[in-house]
$ cat coords38.txt   # compact mmCIF, C-alpha atoms
# COMPACT_ATOMS: atom_id res chain seq x y z
CA ALA V 1 111.91 92.31 26.45
CA VAL V 2 109.99 94.63 24.12
CA THR V 3 108.77 94.02 20.58
CA GLY V 4 107.25 96.33 17.99
CA GLY V 5 105.17 95.08 15.08
CA ALA V 6 103.67 95.93 11.73
CA ASP V 7 100.35 96.47 13.51
CA GLY V 8 101.84 99.48 15.33
CA LYS V 9 101.76 97.78 18.72
CA LEU V 10 104.50 97.78 21.35
CA CYS V 11 104.52 94.82 23.73
CA ALA V 12 106.62 94.48 26.88
CA TRP V 13 107.09 90.79 27.68
CA ARG V 14 108.19 88.83 30.69
CA LEU V 15 111.51 87.12 30.04
CA ASP V 16 109.85 83.77 29.39
CA PHE V 17 107.63 85.46 26.74
CA GLY V 18 104.66 83.85 28.40
CA ALA V 19 102.62 87.04 28.64
CA CYS V 20 102.64 90.64 27.42
CA TRP V 21 102.33 92.78 30.56
CA LEU V 22 102.22 96.15 28.79
CA GLU V 23 100.77 96.93 25.36
CA ARG V 24 100.56 100.31 23.61
CA GLU V 25 99.87 101.35 20.03
CA LEU V 26 101.63 103.84 17.74
CA GLU V 27 100.56 105.45 14.47
CA GLY V 28 101.89 103.09 11.83
CA PRO V 29 104.13 100.01 11.75
CA VAL V 30 107.00 100.04 14.27
CA VAL V 31 110.37 99.83 12.51
CA ALA V 32 112.91 100.98 15.13
CA LEU V 33 113.37 100.62 18.90
CA SER V 34 115.96 102.03 21.29
CA PRO V 35 115.98 101.88 25.12
CA SER V 36 117.12 104.82 27.22
CA PRO V 37 120.52 104.38 28.96
CA ASP V 38 118.77 103.70 32.30
CA GLY V 39 116.38 101.17 30.75
CA LEU V 40 113.30 102.96 32.09
CA LYS V 41 112.05 104.34 28.77
CA LEU V 42 111.88 103.20 25.17
CA LEU V 43 111.99 105.18 21.93
CA ALA V 44 110.00 103.77 19.02
CA GLY V 45 110.06 104.95 15.40
CA THR V 46 107.41 104.19 12.78
CA ARG V 47 107.16 103.78 9.04
CA ARG V 48 105.14 107.00 8.95
CA GLY V 49 108.03 109.08 10.30
CA ALA V 50 106.73 109.41 13.88
CA VAL V 51 108.53 108.78 17.19
CA GLY V 52 106.95 107.85 20.52
CA LEU V 53 108.41 107.52 24.03
CA LEU V 54 107.18 104.69 26.24
CA ASP V 55 107.62 105.14 30.01
CA PHE V 56 107.67 101.71 31.66
CA ALA V 57 106.99 103.03 35.16
CA SER V 58 103.79 104.87 34.26
CA GLY V 59 102.85 102.80 31.23
CA GLN V 60 102.31 106.01 29.25
CA LEU V 61 103.19 106.32 25.55
CA ALA V 62 103.87 109.93 24.58
CA PRO V 63 104.09 111.01 20.93
CA LEU V 64 107.26 113.09 20.54
CA LEU V 65 107.52 114.17 16.93
CA ARG V 66 106.33 113.64 13.40
CA ALA V 67 108.63 115.41 10.98
CA HIS V 68 110.38 112.95 8.69
CA THR V 69 108.89 112.62 5.22
CA ASP V 70 109.80 108.93 4.92
CA PHE V 71 109.91 106.06 7.39
CA ILE V 72 112.31 106.07 10.34
CA CYS V 73 114.87 103.27 10.18
CA ALA V 74 116.62 103.80 13.53
CA VAL V 75 116.40 105.79 16.76
CA ALA V 76 118.99 106.31 19.51
CA SER V 77 119.08 107.95 22.95
CA ASP V 78 121.91 110.29 23.91
CA PRO V 79 123.75 108.71 26.89
CA HIS V 80 124.50 112.12 28.45
CA ASN V 81 121.82 114.60 27.35
CA ARG V 82 118.04 114.48 27.14
CA GLU V 83 118.18 114.18 23.38
CA LEU V 84 117.48 111.59 20.71
CA ALA V 85 118.56 110.96 17.15
CA THR V 86 116.49 109.61 14.26
CA ALA V 87 117.72 108.14 10.98
CA SER V 88 115.33 108.10 8.04
CA CYS V 89 115.05 107.19 4.38
CA ASP V 90 114.16 110.81 3.63
CA GLY V 91 117.90 111.52 3.40
CA THR V 92 118.27 113.08 6.85
CA VAL V 93 119.59 112.27 10.30
CA ARG V 94 118.06 114.53 12.95
CA VAL V 95 118.77 115.32 16.61
CA TRP V 96 115.92 116.34 18.94
CA GLU V 97 115.38 117.50 22.51
CA LEU V 98 113.30 115.22 24.71
CA ASP V 99 111.96 118.06 26.89
CA GLY V 100 109.14 120.37 25.97
CA ALA V 101 107.75 120.09 22.44
CA ALA V 102 110.79 118.10 21.22
CA PRO V 103 112.21 120.83 18.96
CA GLN V 104 114.68 119.78 16.32
CA LEU V 105 118.25 120.75 17.23
CA VAL V 106 120.31 119.59 14.25
CA GLU V 107 119.66 118.10 10.83
CA PHE V 108 122.30 116.32 8.75
CA GLU V 109 121.34 116.00 5.11
CA VAL V 110 122.62 113.22 2.87
CA PRO V 111 120.90 113.69 -0.51
CA ALA V 112 119.58 110.47 -2.04
CA GLY V 113 120.91 108.55 0.95
CA CYS V 114 118.79 106.32 3.19
CA ALA V 115 120.12 106.35 6.77
CA ARG V 116 119.60 102.85 8.21
CA SER V 117 121.37 102.95 11.59
CA VAL V 118 122.56 105.46 14.16
CA ALA V 119 124.62 105.31 17.38
CA TYR V 120 125.80 107.94 19.86
CA HIS V 121 129.46 108.05 20.87
CA PRO V 122 129.77 107.01 24.55
CA ALA V 123 131.83 110.09 25.47
CA ASP V 124 131.95 112.65 22.65
CA TYR V 125 129.00 114.63 21.34
CA SER V 126 128.88 112.82 18.00
CA LEU V 127 126.82 110.36 15.97
CA ALA V 128 127.78 107.42 13.78
CA CYS V 129 125.34 106.70 10.95
CA GLY V 130 125.10 103.81 8.48
CA PHE V 131 123.66 104.15 4.99
CA ASP V 132 122.18 102.06 2.19
CA ASP V 133 125.26 102.41 -0.03
CA GLY V 134 127.54 100.76 2.55
CA THR V 135 128.93 104.03 3.91
CA VAL V 136 129.47 104.85 7.59
CA ARG V 137 129.60 108.54 8.42
CA VAL V 138 130.43 110.15 11.78
CA PHE V 139 129.05 113.62 12.52
CA ASP V 140 130.00 116.08 15.25
CA ILE V 141 126.69 117.33 16.62
CA GLY V 142 127.96 120.56 18.19
CA SER V 143 129.67 121.87 15.05
CA THR V 144 127.41 119.96 12.60
CA SER V 145 130.56 118.85 10.77
CA LEU V 146 131.47 115.55 9.14
CA LEU V 147 134.26 113.85 11.12
CA ALA V 148 134.74 110.72 9.05
CA GLU V 149 133.34 108.89 6.04
CA HIS V 150 134.23 105.33 5.02
CA ARG V 151 132.63 102.92 2.59
CA GLN V 152 133.70 99.41 3.58
CA HIS V 153 130.50 97.46 2.97
CA ARG V 154 128.78 96.35 -0.23
CA GLY V 155 125.39 96.17 1.45
CA ARG V 156 123.21 98.34 3.65
CA VAL V 157 124.76 99.25 7.01
CA LEU V 158 122.05 98.04 9.37
CA ALA V 159 123.79 97.96 12.76
CA LEU V 160 126.34 100.10 14.62
CA ALA V 161 127.86 99.76 18.09
CA HIS V 162 130.53 101.66 19.99
CA ALA V 163 132.90 100.01 22.44
CA HIS V 164 132.17 101.34 25.94
CA GLY V 165 135.71 102.65 26.24
CA ALA V 166 135.23 104.55 22.95
CA ARG V 167 138.25 102.96 21.25
CA ARG V 168 136.31 101.15 18.52
CA LEU V 169 133.22 101.53 16.37
CA PHE V 170 131.69 98.42 14.79
CA SER V 171 129.36 98.16 11.80
CA ALA V 172 127.40 95.25 10.29
CA ALA V 173 125.77 95.20 6.88
CA SER V 174 123.34 93.22 4.75
CA ASP V 175 126.25 91.69 2.81
CA GLY V 176 127.16 89.76 5.97
CA SER V 177 130.30 91.76 6.73
CA LEU V 178 131.59 93.25 9.99
CA VAL V 179 134.03 96.17 10.17
CA ALA V 180 135.88 97.70 13.11
CA TYR V 181 137.04 101.33 13.08
CA ASP V 182 139.72 103.01 15.19
CA SER V 183 137.86 105.85 16.90
CA ALA V 184 141.07 107.56 18.02
CA HIS V 185 142.47 107.81 14.48
CA GLU V 186 139.73 109.39 12.38
CA TYR V 187 137.72 106.17 12.46
CA GLN V 188 140.10 104.43 10.10
CA PRO V 189 138.95 100.87 9.31
CA CYS V 190 141.25 98.49 11.16
CA ARG V 191 139.61 95.04 11.14
CA SER V 192 136.98 93.17 9.10
CA HIS V 193 135.16 89.86 9.13
CA ALA V 194 133.03 88.26 6.42
CA ALA V 195 130.14 86.10 7.59
CA THR V 196 127.32 84.46 5.65
CA PRO V 197 126.02 86.75 2.86
CA GLY V 198 122.44 87.94 2.95
CA ALA V 199 122.03 89.30 6.47
CA ASP V 200 118.56 90.88 6.57
CA SER V 201 118.64 92.28 10.11
CA PRO V 202 122.03 92.08 11.84
CA CYS V 203 122.42 93.40 15.37
CA LEU V 204 125.52 94.10 17.48
CA ALA V 205 126.39 94.31 21.17
CA VAL V 206 129.69 94.84 22.99
CA SER V 207 130.48 93.26 26.36
CA ALA V 208 130.90 95.56 29.36
CA ASP V 209 134.68 95.04 29.38
CA ASP V 210 134.96 95.61 25.59
CA THR V 211 136.57 92.23 25.00
CA LEU V 212 133.69 90.55 23.15
CA LEU V 213 131.54 91.55 20.20
CA VAL V 214 128.24 89.71 19.83
CA ALA V 215 126.64 89.63 16.39
CA GLY V 216 123.15 88.38 15.63
CA GLY V 217 121.65 87.82 12.20
CA LEU V 218 124.96 87.07 10.46
CA GLN V 219 124.72 83.30 10.85
CA ALA V 220 121.53 81.29 10.62
CA SER V 221 120.04 80.34 14.01
CA ALA V 222 123.14 81.38 15.95
CA LEU V 223 124.84 84.26 17.75
CA LEU V 224 128.44 84.89 16.78
CA LEU V 225 130.92 85.69 19.55
CA LEU V 226 134.02 87.49 18.28
CA ASP V 227 137.14 88.89 19.85
CA ALA V 228 136.46 92.65 19.77
CA ALA V 229 140.11 93.56 19.17
CA SER V 230 140.77 91.22 16.24
CA LEU V 231 137.24 90.26 15.05
CA LEU V 232 138.34 86.62 15.14
CA PRO V 233 135.35 84.30 15.72
CA LEU V 234 135.40 82.60 19.12
CA ALA V 235 132.14 80.66 19.15
CA ALA V 236 128.71 80.31 17.56
CA VAL V 237 125.91 79.99 20.11
CA PRO V 238 122.88 78.08 18.73
CA LEU V 239 119.50 79.75 19.15

$ encode --input "coords38.txt" --output "structure tokens"
Amino acid sequence: AVTGGADGKLCAWRLDFGACWLERELEGPVVALSPSPDGLKLLAGTRRGAVGLLDFASGQLAPLLRAHTDFICAVASDPHNRELATASCDGTVRVWELDGAAPQLVEFEVPAGCARSVAYHPADYSLACGFDDGTVRVFDIGSTSLLAEHRQHRGRVLALAHAHGARRLFSAASDGSLVAYDSAHEYQPCRSHAATPGADSPCLAVSADDTLLVAGGLQASALLLLDAASLLPLAAVPL
């Protein structure tokens, strides 16, 4: 397990959280973390608009970029290419190369919009992004075009997750709501679930067989297990 704090430090912990076996420091408070698909590296974004890459094997922390003019809310690793995406409150979502000097490949501008979450499609070359106004937008990276735009939430969209089979996209927001989108039909909203209002930091995960959606931060001191197809609650696991 890895944590990032307001002191700018990254800590890799043993699973019992008894000791931090690797500690590195970034410039500014850490506000976003994303592991690489193979689990060997970790992207970290800071409130100062910088991104670093932590290599667990070597223990090295390499600064990658520092281009956003406001703090980075989310980072994501491309599952197929050596690229990463950053979402920031400067009104942009940017795609970068991991090799070389990390040049910027694409920039999506959303004026006066704070991008809070970002997720790569598991098969297509596209990005889903969540915003402060409750909107979810999906961008095609290759053509830099907008594929879909839906505003289903009344709060900030703080978490996104794709089903592994690419049939669904899920979003969770600060108003305590969950929404499922049909990826095969222009990401039309198809299911919703309302949990406890006032979710400060929701998180989402989809089971390997795409049957379960796990939501954290939507119910106090519990993980919600939902049927991924219907969004019907199945259980609440106490923490």

$ residues_around --input "coords38.txt" --residues "segment 69-73 of chain V" --least-positions-apart "4" --cutoff "9 Å" --atoms "only C-alpha atoms" --output "PyMOL selection string"
chain V and resi 30-32+45-51+86-91+114-118+158

$ residues_near_point --input "coords38.txt" --point "(139.6, 104.9, 16.0)" --cutoff "12 Å" --atoms "all atoms listed in the file" --output "VMD selection string"
chain V and resid 121 138 147 to 148 162 to 163 165 to 170 179 to 191 229

$ atom_distance --input "coords38.txt" --atom1 "atom CA of Pro197 of chain V" --atom2 "atom CA of Val237 of chain V"
18.5 Å

$ residues_around --input "coords38.txt" --residues "Lys9 of chain V" --least-positions-apart "2" --cutoff "6 Å" --atoms "only C-alpha atoms" --output "ChimeraX atom specification"
/V:4-5,7,24-25

$ atom_distance --input "coords38.txt" --atom1 "atom CA of Gly8 of chain V" --atom2 "atom CA of Tyr120 of chain V"
25.8 Å

$ atom_distance --input "coords38.txt" --atom1 "atom CA of Leu239 of chain V" --atom2 "atom CA of Leu223 of chain V"
7.1 Å

$ closest_residue --input "coords38.txt" --among "V:Leu234, V:Leu226, V:Ala161, V:Val110" --to "Cys203 of chain V" --atoms "only C-alpha atoms"
V:Ala161

$ closest_residue --input "coords38.txt" --among "V:Leu26, V:Leu204, V:Ser77, V:Gly18" --to "Leu40 of chain V" --atoms "all atoms listed in the file"
V:Ser77

$ closest_residue --input "coords38.txt" --among "V:Pro37, V:Gly217, V:Gly155, V:Gly176" --to "Pro122 of chain V" --atoms "all atoms listed in the file"
V:Pro37

$ residues_around --input "coords38.txt" --residues "Val2 of chain V" --least-positions-apart "4" --cutoff "10 Å" --atoms "all atoms listed in the file" --output "list in words"
Leu10, Cys11, Ala12, Trp13, Arg14, Leu15, Phe17, Cys20, Leu22, Glu23, Leu33, Ser34, Pro35 and Leu42 of chain V

$ residues_around --input "coords38.txt" --residues "Ala199 of chain V" --least-positions-apart "5" --cutoff "8 Å" --atoms "only C-alpha atoms" --output "PyMOL selection string"
chain V and resi 173-176+217-219

$ closest_residue --input "coords38.txt" --among "V:Ala6, V:Leu64, V:Ala119, V:Ala74" --to "Glu97 of chain V" --atoms "all atoms listed in the file"
V:Leu64

$ residues_around --input "coords38.txt" --residues "Ala205 of chain V" --least-positions-apart "3" --cutoff "10 Å" --atoms "all atoms listed in the file" --output "PyMOL selection string"
chain V and resi 159-163+170+208+210+212-216+225

$ closest_residue --input "coords38.txt" --among "V:His164, V:His153, V:Arg94, V:His80" --to "His68 of chain V" --atoms "all atoms listed in the file"
V:Arg94

$ closest_residue --input "coords38.txt" --among "V:Gly39, V:Leu178, V:Gln104, V:Asn81" --to "Leu65 of chain V" --atoms "all atoms listed in the file"
V:Gln104

$ axis_aligned_box --input "coords38.txt" --around "segment 201-204 of chain V" --padding-each-side "4 Å" --output "AutoDock Vina command-line options"
--center_x 122.1 --center_y 93.1 --center_z 13.8 --size_x 14.9 --size_y 10.0 --size_z 15.4
